[in-house]
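Next up, structure-v7.cif (mmCIF, C-alpha atoms):
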data_start
#
loop_
_atom_site.label_atom_id
_atom_site.label_comp_id
_atom_site.auth_asym_id
_atom_site.auth_seq_id
_atom_site.Cartn_x
_atom_site.Cartn_y
_atom_site.Cartn_z
CA MET A 1 66.49 124.50 116.66
CA GLU A 2 68.87 121.70 117.61
CA HIS A 3 71.48 123.00 120.03
CA SER A 4 75.12 122.03 119.63
CA LEU A 5 76.52 123.96 122.59
CA GLU A 6 76.17 124.27 126.33
CA ILE A 7 76.54 127.89 127.53
CA SER A 8 76.84 128.25 131.29
CA GLY A 9 75.93 131.15 133.55
CA SER A 10 79.58 132.18 133.75
CA CYS A 11 79.26 133.81 130.31
CA ILE A 12 80.06 137.54 130.56
CA GLY A 13 78.70 138.51 127.16
CA CYS A 14 82.08 139.65 125.81
CA GLY A 15 81.11 138.58 122.29
CA GLN A 16 84.39 136.86 121.47
CA CYS A 17 82.51 133.71 120.49
CA VAL A 18 80.29 135.71 118.14
CA LYS A 19 83.34 137.18 116.40
CA VAL A 20 84.92 133.79 115.63
CA CYS A 21 81.74 131.96 114.58
CA ILE A 22 81.92 131.72 110.78
CA ARG A 23 78.38 130.33 110.70
CA GLY A 24 76.65 133.30 112.34
CA HIS A 25 75.25 130.84 114.85
CA LEU A 26 75.86 132.89 118.00
CA ALA A 27 74.69 136.24 119.33
CA VAL A 28 74.78 138.14 122.61
CA GLY A 29 71.24 138.75 123.84
CA GLU A 30 69.74 141.59 125.84
CA ASP A 31 70.66 139.71 129.00
CA ARG A 32 74.34 140.06 128.01
CA LYS A 33 74.68 136.32 127.58
CA ALA A 34 75.75 134.44 124.47
CA ARG A 35 73.19 132.16 122.89
CA GLU A 36 72.68 130.06 119.81
CA VAL A 37 70.50 131.60 117.10
CA GLU A 38 68.95 130.48 113.84
CA SER A 39 71.36 131.00 110.96
CA PRO A 40 71.55 130.05 107.29
CA TYR A 41 74.21 127.48 108.16
CA SER A 42 74.08 125.07 111.06
CA CYS A 43 76.86 124.78 113.64
CA PHE A 44 79.46 122.30 112.49
CA ARG A 45 81.17 121.99 115.89
CA CYS A 46 84.47 123.59 114.89
CA GLY A 47 84.93 124.59 118.53
CA HIS A 48 86.34 128.08 117.91
CA CYS A 49 83.83 129.53 120.35
CA VAL A 50 84.89 127.00 122.96
CA SER A 51 88.56 127.83 122.52
CA VAL A 52 88.20 131.60 122.61
CA CYS A 53 85.87 131.97 125.61
CA PRO A 54 87.76 133.65 128.50
CA LYS A 55 85.46 132.12 131.12
CA ASN A 56 85.26 128.56 129.79
CA ALA A 57 81.52 129.07 129.60
CA ILE A 58 80.96 127.19 126.33
CA THR A 59 81.27 123.46 125.80
CA LEU A 60 80.39 121.24 122.88
CA ARG A 61 77.57 118.85 123.64
CA CYS A 62 79.49 115.99 122.02
CA ASP A 63 82.44 115.54 124.38
CA PRO A 64 83.30 118.34 126.83
CA SER A 65 85.94 116.19 128.52
CA ALA A 66 88.11 116.43 125.40
CA GLN A 67 88.40 120.23 125.65
CA GLU A 68 91.93 120.82 126.88
CA PRO A 69 93.25 124.20 128.06
CA LEU A 70 95.90 125.73 125.81
CA ASP A 71 98.28 126.44 128.67
CA ARG A 72 101.46 125.10 127.08
CA PRO A 73 103.72 127.19 124.84
CA LEU A 74 103.43 126.50 121.14
CA ILE A 75 106.34 124.81 119.42
CA ALA A 76 108.94 127.34 118.33
CA PRO A 77 108.88 128.11 114.56
CA GLU A 78 112.54 127.20 114.22
CA ASP A 79 111.90 123.79 115.83
CA LEU A 80 109.00 123.09 113.48
CA ALA A 81 111.09 124.20 110.50
CA TRP A 82 113.84 121.84 111.66
CA LEU A 83 111.36 118.95 111.75
CA TYR A 84 110.25 119.75 108.21
CA ARG A 85 113.85 119.99 107.02
CA THR A 86 115.15 116.80 108.60
CA ARG A 87 112.19 114.53 107.86
CA ARG A 88 113.13 111.90 105.27
CA SER A 89 111.29 109.22 103.33
CA LEU A 90 112.40 105.89 104.82
CA ARG A 91 112.15 102.55 103.03
CA TRP A 92 114.41 100.24 105.02
CA PHE A 93 112.99 98.75 108.21
CA ASP A 94 114.23 96.32 110.85
CA ARG A 95 110.89 95.63 112.52
CA ASN A 96 107.19 96.47 112.54
CA CYS A 97 105.53 99.03 114.77
CA THR A 98 103.68 97.88 117.87
CA LYS A 99 99.93 98.30 118.12
CA GLU A 100 100.49 100.91 120.85
CA GLU A 101 102.74 102.96 118.55
CA LEU A 102 100.18 102.82 115.74
CA GLU A 103 97.36 103.78 118.09
CA ARG A 104 99.36 106.79 119.29
CA LEU A 105 99.93 107.90 115.70
CA LEU A 106 96.29 107.59 114.76
CA ASP A 107 95.11 109.34 117.91
CA SER A 108 97.40 112.28 117.10
CA VAL A 109 95.46 113.09 113.91
CA ARG A 110 92.03 113.37 115.52
CA TYR A 111 92.50 117.13 115.31
CA ALA A 112 93.46 117.29 111.63
CA PRO A 113 91.23 119.74 109.71
CA THR A 114 88.50 118.47 107.38
CA ALA A 115 86.14 120.24 104.99
CA GLU A 116 83.31 121.82 107.00
CA ASN A 117 84.68 120.00 110.04
CA SER A 118 82.92 116.87 108.79
CA GLN A 119 85.58 114.67 110.43
CA SER A 120 84.65 112.15 107.74
CA VAL A 121 87.95 110.29 107.72
CA GLU A 122 88.49 106.63 108.52
CA TYR A 123 91.69 104.60 108.64
CA ALA A 124 92.70 101.02 108.01
CA VAL A 125 95.91 99.43 109.30
CA ILE A 126 97.22 96.61 107.14
CA ASP A 127 99.29 94.31 109.33
CA GLU A 128 98.51 90.61 109.67
CA ARG A 129 96.76 90.54 106.27
CA PHE A 130 99.61 92.31 104.47
CA GLY A 131 100.23 89.39 102.09
CA ASP A 132 96.53 89.07 101.26
CA PHE A 133 96.37 92.77 100.45
CA MET A 134 99.39 92.54 98.14
CA GLU A 135 97.70 89.68 96.27
CA LEU A 136 94.55 91.79 95.83
CA LEU A 137 96.58 94.70 94.46
CA ALA A 138 98.39 92.41 92.02
CA SER A 139 95.13 90.91 90.80
CA ILE A 140 93.82 94.40 89.99
CA LEU A 141 97.03 95.79 88.51
CA ARG A 142 97.86 92.75 86.36
CA ALA A 143 95.84 94.25 83.49
CA HIS A 144 97.83 97.50 83.71
CA THR A 145 101.44 96.27 83.75
CA ASP A 146 102.12 97.86 80.36
CA GLU A 147 101.50 101.32 81.84
CA HIS A 148 104.67 101.44 83.95
CA PRO A 149 107.60 99.09 84.63
CA ARG A 150 107.05 99.29 88.39
CA LEU A 151 103.60 97.73 88.02
CA LYS A 152 105.03 94.71 86.22
CA GLN A 153 107.82 94.39 88.79
CA PHE A 154 105.23 94.33 91.57
CA VAL A 155 102.95 91.79 89.92
CA ASP A 156 105.94 89.53 89.16
CA TYR A 157 107.05 89.88 92.80
CA VAL A 158 103.66 88.77 94.11
CA ASP A 159 103.35 85.94 91.57
CA ALA A 160 106.77 84.68 92.69
CA GLY A 161 105.49 84.25 96.24
CA GLN A 162 106.61 87.52 97.86
CA LYS A 163 109.80 85.77 98.98
CA GLU A 164 112.19 88.70 98.87
CA LYS A 165 112.05 91.63 101.28
CA ASN A 166 112.38 94.24 98.54
CA ASN A 167 108.73 94.56 97.58
CA PRO A 168 108.66 97.02 94.62
CA PHE A 169 105.78 98.87 96.30
CA THR A 170 106.75 98.77 99.99
CA TRP A 171 110.44 97.77 100.00
CA GLU A 172 110.99 96.25 103.45
CA GLY A 173 107.81 97.71 104.95
CA ARG A 174 105.10 95.28 106.00
CA GLN A 175 102.62 97.63 107.64
CA LEU A 176 100.39 100.18 105.94
CA ILE A 177 98.07 102.94 107.07
CA ILE A 178 95.35 103.85 104.57
CA ALA A 179 93.17 106.96 104.90
CA PHE A 180 89.64 107.07 103.50
CA ALA A 181 87.77 110.34 103.10
CA ARG A 182 85.22 112.18 100.97
CA PHE A 183 87.83 114.56 99.56
CA PRO A 184 91.53 113.90 98.89
CA ILE A 185 92.72 116.80 101.04
CA ASP A 186 90.87 115.43 104.08
CA ALA A 187 93.03 112.28 103.88
CA ILE A 188 96.28 113.86 102.71
CA ILE A 189 96.60 116.37 105.58
CA PRO A 190 96.32 113.81 108.42
CA MET A 191 98.54 111.36 106.57
CA GLU A 192 101.33 113.92 106.38
CA GLN A 193 100.78 114.66 110.07
CA ILE A 194 101.20 110.92 110.71
CA ASP A 195 104.42 111.05 108.72
CA LEU A 196 105.82 113.89 110.85
CA MET A 197 104.58 112.37 114.11
CA ALA A 198 106.16 109.05 113.17
CA TYR A 199 109.49 110.76 112.55
CA SER A 200 109.31 112.48 115.94
CA MET A 201 108.71 109.06 117.56
CA GLY A 202 111.76 107.49 115.94
CA LEU A 203 109.64 105.67 113.37
CA GLY A 204 109.53 106.34 109.66
CA GLY A 205 108.03 105.54 106.32
CA PHE A 206 106.91 106.96 103.03
CA HIS A 207 103.80 107.89 101.08
CA SER A 208 102.87 105.38 98.37
CA ARG A 209 101.23 106.36 95.12
CA TRP A 210 101.20 102.97 93.40
CA MET A 211 98.72 101.24 95.68
CA LEU A 212 96.20 103.99 95.07
CA GLN A 213 96.26 103.15 91.38
CA ALA A 214 94.56 99.86 92.21
CA ALA A 215 91.84 101.82 94.04
CA GLU A 216 91.36 103.95 90.92
CA ASN A 217 91.45 101.06 88.44
CA ASP A 218 88.89 98.92 90.29
CA PRO A 219 87.42 100.76 93.28
CA GLU A 220 84.80 98.11 94.01
CA ARG A 221 87.31 95.27 94.33
CA PHE A 222 89.75 97.44 96.23
CA MET A 223 87.12 98.50 98.76
CA SER A 224 85.93 94.91 99.18
CA PHE A 225 89.01 94.43 101.38
CA PHE A 226 87.59 97.03 103.81
CA PRO A 227 83.95 96.04 104.48
CA GLY A 228 83.73 98.22 107.58
CA VAL A 229 84.63 101.50 105.87
CA ARG A 230 81.72 103.82 105.06
CA GLU A 231 80.52 103.43 101.47
CA ASP A 232 80.78 107.16 100.69
CA LEU A 233 84.51 107.28 101.53
CA THR A 234 87.39 106.65 99.15
CA ALA A 235 91.04 105.71 99.71
CA HIS A 236 93.12 108.83 99.09
CA ALA A 237 96.40 108.21 100.93
CA VAL A 238 98.62 105.23 101.78
CA TYR A 239 101.58 105.35 104.16
CA VAL A 240 104.13 102.56 104.58
CA ILE A 241 105.54 102.54 108.12
CA GLY A 242 107.99 100.73 110.38
CA HIS A 243 111.06 101.05 112.57
CA PRO A 244 113.89 102.28 110.32
CA ARG A 245 117.16 100.38 110.23
CA VAL A 246 118.95 103.30 108.55
CA ARG A 247 119.68 106.57 110.37
CA PHE A 248 120.62 109.58 108.28
CA LYS A 249 123.41 111.89 109.40
CA ARG A 250 122.66 115.13 107.55
CA THR A 251 120.07 116.92 105.47
CA VAL A 252 120.08 116.90 101.70
CA PRO A 253 119.77 120.18 99.73
CA ARG A 254 116.52 120.83 97.91
CA ASP A 255 115.88 123.13 94.98
CA GLU A 256 114.33 126.50 95.69
CA ARG A 257 110.61 126.55 94.95
CA THR A 258 109.19 129.04 92.50
CA VAL A 259 106.80 131.44 94.19
CA HIS A 260 104.43 133.63 92.18
CA TRP A 261 103.47 136.78 94.07
CA LEU A 262 100.25 138.17 92.64
#

Output the file's structure as structure tokens, nothing else.
Amino acid sequence: MEHSLEISGSCIGCGQCVKVCIRGHLAVGEDRKAREVESPYSCFRCGHCVSVCPKNAITLRCDPSAQEPLDRPLIAPEDLAWLYRTRRSLRWFDRNCTKEELERLLDSVRYAPTAENSQSVEYAVIDERFGDFMELLASILRAHTDEHPRLKQFVDYVDAGQKEKNNPFTWEGRQLIIAFARFPIDAIIPMEQIDLMAYSMGLGGFHSRWMLQAAENDPERFMSFFPGVREDLTAHAVYVIGHPRVRFKRTVPRDERTVHWL
């Protein structure tokens, strides 16, 4: 059996790790120590056992240095609700983000959940090759301009030399973050976390649907722009980002959502 964990002698056999292991991969032996056991499903390194151990006796073999103690208070629910309520889609920018700002954003989503903890998510930052990417999108979408007026507006904008700031797809934004994953939800969750983190950093942006249409219409040509991305991953989320030049003063009311209690 291939071992995924290191279990030290400080284990007291409390069984907390066994209780949180959804894979049935742990058991407390006769020596009152936790150990890995054969199970129908292999360990997928979710780290629940690491987090719950009262003696810090369990570490993941992959990177024990990244296991941080949870010794800070969680964010208050009202503060998180305020962040959700005040976050706005932003389309008007006065400058691009620095590489350090983008790196901080992308590092913040290392802990976003993925199906079976596969962590099969990769990102691309479109920056210096922004114009080239717009030309690729236009070349793919040119055959689909009759499907929606916005598509024709975008293709005409690119064909005219991209001279105006008001790009019909990105407005004044000239930086993009694209998330590639096996499943849409694995890309959508971290991209929304990037959105919220960006807002907390004084940055801003919006999620773009239109650019994904090019990925759906001609996935091979779209992915040719990203030769380093794993072949089994697909673009599922695009975020336009920058430093906003507009600051909003108040929230805007939203309709109540229908909830079906079953």

Go through segment 18-45 of chain A and flag each residue having an atom no more than 12 Å from segment 116-140 of chain A; for those, report the closest pair of atoms plus their distance in Å to one decimal, using all atoms listed in the file, ordered by chain and rising number, as JSON lines.
{"residue": "A:Ile22", "atom": "CA", "partner": "A:Glu116", "partner_atom": "CA", "distance": 10.7}
{"residue": "A:Arg23", "atom": "CA", "partner": "A:Glu116", "partner_atom": "CA", "distance": 10.5}
{"residue": "A:Tyr41", "atom": "CA", "partner": "A:Glu116", "partner_atom": "CA", "distance": 10.8}
{"residue": "A:Ser42", "atom": "CA", "partner": "A:Glu116", "partner_atom": "CA", "distance": 10.6}
{"residue": "A:Cys43", "atom": "CA", "partner": "A:Glu116", "partner_atom": "CA", "distance": 9.7}
{"residue": "A:Phe44", "atom": "CA", "partner": "A:Asn117", "partner_atom": "CA", "distance": 6.2}
{"residue": "A:Arg45", "atom": "CA", "partner": "A:Asn117", "partner_atom": "CA", "distance": 7.1}

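For the atom pair formed by atom CA of Leu176 of chain A and atom CA of Ser208 of chain A, the distance is 9.5 Å, given to one decimal.
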
Is it possible to get the axis-aligned box enclosing segment 155-171 of chain A (all listed atoms, 6 Å extra per side) as JSON, with centre and edge lengths in Å rounded to one decimal?
{"center_x": 107.7, "center_y": 91.6, "center_z": 95.2, "size_x": 21.4, "size_y": 26.6, "size_z": 24.1}

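Between Gly15 of chain A and the candidates A:Leu90, A:Gly205, A:Ile185, A:Arg35, the tightest atom-to-atom separation, counting all atoms listed in the file, involves A:Arg35.
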
Exercise for review: Kindly resolve the PyMOL selection byres ((chain A and resi 24) around 8) on the present coordinates and return the residues as number ranges by chain.
Suggested key: A: 18, 21-23, 25-27, 37, 39-41

May I have the residues from that selection written out with C-alpha atoms, as a PDB file, in the coordinates of the input?
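part13.pdb, written as the output of this step:
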ATOM      1  CA  VAL A  18      80.290 135.710 118.140  1.00  0.00           C
ATOM      2  CA  CYS A  21      81.740 131.960 114.580  1.00  0.00           C
ATOM      3  CA  ILE A  22      81.920 131.720 110.780  1.00  0.00           C
ATOM      4  CA  ARG A  23      78.380 130.330 110.700  1.00  0.00           C
ATOM      5  CA  HIS A  25      75.250 130.840 114.850  1.00  0.00           C
ATOM      6  CA  LEU A  26      75.860 132.890 118.000  1.00  0.00           C
ATOM      7  CA  ALA A  27      74.690 136.240 119.330  1.00  0.00           C
ATOM      8  CA  VAL A  37      70.500 131.600 117.100  1.00  0.00           C
ATOM      9  CA  SER A  39      71.360 131.000 110.960  1.00  0.00           C
ATOM     10  CA  PRO A  40      71.550 130.050 107.290  1.00  0.00           C
ATOM     11  CA  TYR A  41      74.210 127.480 108.160  1.00  0.00           C
TER      12      TYR A  41
END

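At a cut-off of 10 Å from (99.9, 100.1, 86.9), the residue set is Leu137, Ala138, Ile140, Leu141, Arg142, Ala143, His144, Thr145, Asp146, Glu147, His148, Pro149, Arg150, Leu151, Lys152, Gln153, Phe154, Val155, Trp210, Met211, Leu212, Gln213, Ala214 and Asn217 of chain A (counting all atoms listed in the file).
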
Point to revise | Selected residue of minimal separation from Glu231 of chain A among A:Ala34, A:Arg91, A:Ala181, A:Met191, counting all atoms listed in the file | key: A:Ala181

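Evaluating the PyMOL selection byres ((chain A and resi 47-58) around 7) against the shown model yields A:Leu5, A:Glu6, A:Ile7, A:Ser8, A:Ser10, A:Cys11, A:Gln16, A:Cys17, A:Val20, A:Cys21, A:Arg45, A:Cys46, A:Thr59, A:Leu60.
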
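A straight line drawn from atom CA of Gly161 of chain A to atom CA of Gly173 of chain A is 16.2 Å long.
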
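For the pair atom CA of Ala81 of chain A and atom CA of Arg95 of chain A, the interatomic distance is 28.6 Å.
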
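Within 12 Å of the point (85.3, 98.3, 102.0), and counting only C-alpha atoms, the protein, DNA and RNA residues are Glu122, Tyr123, Ala124, Ile178, Phe180, Ala215, Pro219, Glu220, Arg221, Phe222, Met223, Ser224, Phe225, Phe226, Pro227, Gly228, Val229, Arg230, Glu231, Asp232, Leu233, Thr234 and Ala235 of chain A.
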
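With distances restricted to all atoms listed in the file, A:Met197 is the closest residue to Leu80 of chain A from A:Val246, A:Met197, A:Arg209, A:Gln175.
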
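When the PyMOL selection byres ((chain A and resi 88) around 10) is run on the displayed coordinates, the residues it returns are Leu83, Tyr84, Arg85, Thr86, Arg87, Ser89, Leu90, Arg91, Asp195, Leu196, Tyr199, Gly204, Gly205, Phe206, Arg247, Phe248, Thr251 and Val252 of chain A.
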
From the coordinates I just gave you, please extract segment 28-68 of chain A so that only N, CA and C atoms remain, then output it as a PDB file, in the first residue's frame.
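Result went into decode-v6.pdb, see below:
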ATOM      1  N   VAL A  28      -7.472   3.012  14.198  1.00  0.00           N
ATOM      2  CA  VAL A  28      -6.637   2.975  15.398  1.00  0.00           C
ATOM      3  C   VAL A  28      -6.349   1.516  15.715  1.00  0.00           C
ATOM      4  N   GLY A  29      -5.058   1.161  15.750  1.00  0.00           N
ATOM      5  CA  GLY A  29      -4.677  -0.218  15.968  1.00  0.00           C
ATOM      6  C   GLY A  29      -4.660  -0.608  17.437  1.00  0.00           C
ATOM      7  N   GLU A  30      -4.279  -1.850  17.691  1.00  0.00           N
ATOM      8  CA  GLU A  30      -4.222  -2.357  19.059  1.00  0.00           C
ATOM      9  C   GLU A  30      -3.204  -1.611  19.909  1.00  0.00           C
ATOM     10  N   ASP A  31      -2.243  -0.985  19.253  1.00  0.00           N
ATOM     11  CA  ASP A  31      -1.237  -0.210  19.982  1.00  0.00           C
ATOM     12  C   ASP A  31      -1.718   1.201  20.304  1.00  0.00           C
ATOM     13  N   ARG A  32      -3.000   1.465  20.028  1.00  0.00           N
ATOM     14  CA  ARG A  32      -3.617   2.770  20.281  1.00  0.00           C
ATOM     15  C   ARG A  32      -2.952   3.887  19.470  1.00  0.00           C
ATOM     16  N   LYS A  33      -2.524   3.531  18.283  1.00  0.00           N
ATOM     17  CA  LYS A  33      -1.960   4.512  17.366  1.00  0.00           C
ATOM     18  C   LYS A  33      -2.739   4.472  16.058  1.00  0.00           C
ATOM     19  N   ALA A  34      -2.929   5.619  15.450  1.00  0.00           N
ATOM     20  CA  ALA A  34      -3.597   5.677  14.154  1.00  0.00           C
ATOM     21  C   ALA A  34      -2.657   5.154  13.073  1.00  0.00           C
ATOM     22  N   ARG A  35      -3.243   4.537  12.070  1.00  0.00           N
ATOM     23  CA  ARG A  35      -2.439   4.022  10.963  1.00  0.00           C
ATOM     24  C   ARG A  35      -3.289   3.988   9.702  1.00  0.00           C
ATOM     25  N   GLU A  36      -2.606   3.999   8.567  1.00  0.00           N
ATOM     26  CA  GLU A  36      -3.294   3.867   7.294  1.00  0.00           C
ATOM     27  C   GLU A  36      -3.632   2.397   7.053  1.00  0.00           C
ATOM     28  N   VAL A  37      -4.822   2.160   6.481  1.00  0.00           N
ATOM     29  CA  VAL A  37      -5.259   0.800   6.189  1.00  0.00           C
ATOM     30  C   VAL A  37      -5.758   0.718   4.758  1.00  0.00           C
ATOM     31  N   GLU A  38      -5.816  -0.509   4.246  1.00  0.00           N
ATOM     32  CA  GLU A  38      -6.378  -0.719   2.919  1.00  0.00           C
ATOM     33  C   GLU A  38      -7.860  -0.354   2.948  1.00  0.00           C
ATOM     34  N   SER A  39      -8.319   0.342   1.928  1.00  0.00           N
ATOM     35  CA  SER A  39      -9.719   0.722   1.848  1.00  0.00           C
ATOM     36  C   SER A  39     -10.153   0.714   0.394  1.00  0.00           C
ATOM     37  N   PRO A  40     -11.457   0.650   0.156  1.00  0.00           N
ATOM     38  CA  PRO A  40     -11.927   0.621  -1.243  1.00  0.00           C
ATOM     39  C   PRO A  40     -11.508   1.845  -2.035  1.00  0.00           C
ATOM     40  N   TYR A  41     -11.298   2.966  -1.346  1.00  0.00           N
ATOM     41  CA  TYR A  41     -10.909   4.203  -2.010  1.00  0.00           C
ATOM     42  C   TYR A  41      -9.576   4.673  -1.436  1.00  0.00           C
ATOM     43  N   SER A  42      -8.695   5.130  -2.316  1.00  0.00           N
ATOM     44  CA  SER A  42      -7.398   5.578  -1.840  1.00  0.00           C
ATOM     45  C   SER A  42      -7.508   6.972  -1.225  1.00  0.00           C
ATOM     46  N   CYS A  43      -6.543   7.318  -0.398  1.00  0.00           N
ATOM     47  CA  CYS A  43      -6.465   8.647   0.198  1.00  0.00           C
ATOM     48  C   CYS A  43      -6.307   9.680  -0.909  1.00  0.00           C
ATOM     49  N   PHE A  44      -7.110  10.738  -0.842  1.00  0.00           N
ATOM     50  CA  PHE A  44      -6.947  11.781  -1.854  1.00  0.00           C
ATOM     51  C   PHE A  44      -6.418  13.078  -1.250  1.00  0.00           C
ATOM     52  N   ARG A  45      -5.746  12.957  -0.104  1.00  0.00           N
ATOM     53  CA  ARG A  45      -4.980  14.044   0.507  1.00  0.00           C
ATOM     54  C   ARG A  45      -5.839  15.271   0.807  1.00  0.00           C
ATOM     55  N   CYS A  46      -7.067  15.032   1.288  1.00  0.00           N
ATOM     56  CA  CYS A  46      -7.921  16.176   1.639  1.00  0.00           C
ATOM     57  C   CYS A  46      -7.382  16.916   2.859  1.00  0.00           C
ATOM     58  N   GLY A  47      -6.648  16.199   3.727  1.00  0.00           N
ATOM     59  CA  GLY A  47      -6.022  16.838   4.870  1.00  0.00           C
ATOM     60  C   GLY A  47      -6.910  17.014   6.089  1.00  0.00           C
ATOM     61  N   HIS A  48      -8.121  16.456   6.074  1.00  0.00           N
ATOM     62  CA  HIS A  48      -8.991  16.579   7.248  1.00  0.00           C
ATOM     63  C   HIS A  48      -8.340  15.966   8.483  1.00  0.00           C
ATOM     64  N   CYS A  49      -7.685  14.833   8.293  1.00  0.00           N
ATOM     65  CA  CYS A  49      -7.040  14.171   9.432  1.00  0.00           C
ATOM     66  C   CYS A  49      -5.931  15.041  10.010  1.00  0.00           C
ATOM     67  N   VAL A  50      -5.207  15.723   9.110  1.00  0.00           N
ATOM     68  CA  VAL A  50      -4.139  16.620   9.545  1.00  0.00           C
ATOM     69  C   VAL A  50      -4.713  17.758  10.380  1.00  0.00           C
ATOM     70  N   SER A  51      -5.809  18.317   9.910  1.00  0.00           N
ATOM     71  CA  SER A  51      -6.384  19.495  10.558  1.00  0.00           C
ATOM     72  C   SER A  51      -7.021  19.193  11.901  1.00  0.00           C
ATOM     73  N   VAL A  52      -7.534  17.967  12.068  1.00  0.00           N
ATOM     74  CA  VAL A  52      -8.294  17.663  13.275  1.00  0.00           C
ATOM     75  C   VAL A  52      -7.425  17.083  14.391  1.00  0.00           C
ATOM     76  N   CYS A  53      -6.233  16.626  14.081  1.00  0.00           N
ATOM     77  CA  CYS A  53      -5.398  15.953  15.083  1.00  0.00           C
ATOM     78  C   CYS A  53      -4.995  16.905  16.214  1.00  0.00           C
ATOM     79  N   PRO A  54      -5.323  16.583  17.460  1.00  0.00           N
ATOM     80  CA  PRO A  54      -5.000  17.485  18.580  1.00  0.00           C
ATOM     81  C   PRO A  54      -3.511  17.543  18.912  1.00  0.00           C
ATOM     82  N   LYS A  55      -2.747  16.578  18.445  1.00  0.00           N
ATOM     83  CA  LYS A  55      -1.326  16.507  18.773  1.00  0.00           C
ATOM     84  C   LYS A  55      -0.417  16.826  17.581  1.00  0.00           C
ATOM     85  N   ASN A  56      -0.997  17.241  16.483  1.00  0.00           N
ATOM     86  CA  ASN A  56      -0.214  17.536  15.281  1.00  0.00           C
ATOM     87  C   ASN A  56       0.667  16.355  14.893  1.00  0.00           C
ATOM     88  N   ALA A  57       0.083  15.160  15.039  1.00  0.00           N
ATOM     89  CA  ALA A  57       0.849  13.936  14.798  1.00  0.00           C
ATOM     90  C   ALA A  57       0.813  13.488  13.346  1.00  0.00           C
ATOM     91  N   ILE A  58      -0.068  14.068  12.538  1.00  0.00           N
ATOM     92  CA  ILE A  58      -0.243  13.611  11.164  1.00  0.00           C
ATOM     93  C   ILE A  58       0.185  14.726  10.203  1.00  0.00           C
ATOM     94  N   THR A  59       0.966  14.365   9.220  1.00  0.00           N
ATOM     95  CA  THR A  59       1.344  15.306   8.175  1.00  0.00           C
ATOM     96  C   THR A  59       1.177  14.619   6.821  1.00  0.00           C
ATOM     97  N   LEU A  60       0.860  15.417   5.816  1.00  0.00           N
ATOM     98  CA  LEU A  60       0.819  14.900   4.459  1.00  0.00           C
ATOM     99  C   LEU A  60       2.240  14.751   3.948  1.00  0.00           C
ATOM    100  N   ARG A  61       2.503  13.696   3.230  1.00  0.00           N
ATOM    101  CA  ARG A  61       3.838  13.471   2.704  1.00  0.00           C
ATOM    102  C   ARG A  61       4.224  14.519   1.671  1.00  0.00           C
ATOM    103  N   CYS A  62       3.197  15.152   1.040  1.00  0.00           N
ATOM    104  CA  CYS A  62       3.503  16.057  -0.066  1.00  0.00           C
ATOM    105  C   CYS A  62       4.234  17.324   0.377  1.00  0.00           C
ATOM    106  N   ASP A  63       3.692  18.029   1.365  1.00  0.00           N
ATOM    107  CA  ASP A  63       4.301  19.306   1.743  1.00  0.00           C
ATOM    108  C   ASP A  63       3.903  19.673   3.174  1.00  0.00           C
ATOM    109  N   PRO A  64       4.542  19.091   4.176  1.00  0.00           N
ATOM    110  CA  PRO A  64       4.160  19.383   5.555  1.00  0.00           C
ATOM    111  C   PRO A  64       4.382  20.836   5.958  1.00  0.00           C
ATOM    112  N   SER A  65       5.267  21.543   5.267  1.00  0.00           N
ATOM    113  CA  SER A  65       5.544  22.926   5.640  1.00  0.00           C
ATOM    114  C   SER A  65       4.359  23.841   5.368  1.00  0.00           C
ATOM    115  N   ALA A  66       3.428  23.386   4.514  1.00  0.00           N
ATOM    116  CA  ALA A  66       2.279  24.216   4.161  1.00  0.00           C
ATOM    117  C   ALA A  66       1.121  24.049   5.135  1.00  0.00           C
ATOM    118  N   GLN A  67       1.292  23.233   6.162  1.00  0.00           N
ATOM    119  CA  GLN A  67       0.216  22.986   7.120  1.00  0.00           C
ATOM    120  C   GLN A  67       0.282  24.043   8.219  1.00  0.00           C
ATOM    121  N   GLU A  68      -0.633  24.999   8.136  1.00  0.00           N
ATOM    122  CA  GLU A  68      -0.628  26.125   9.052  1.00  0.00           C
ATOM    123  C   GLU A  68      -1.606  25.893  10.199  1.00  0.00           C
TER     124      GLU A  68
END
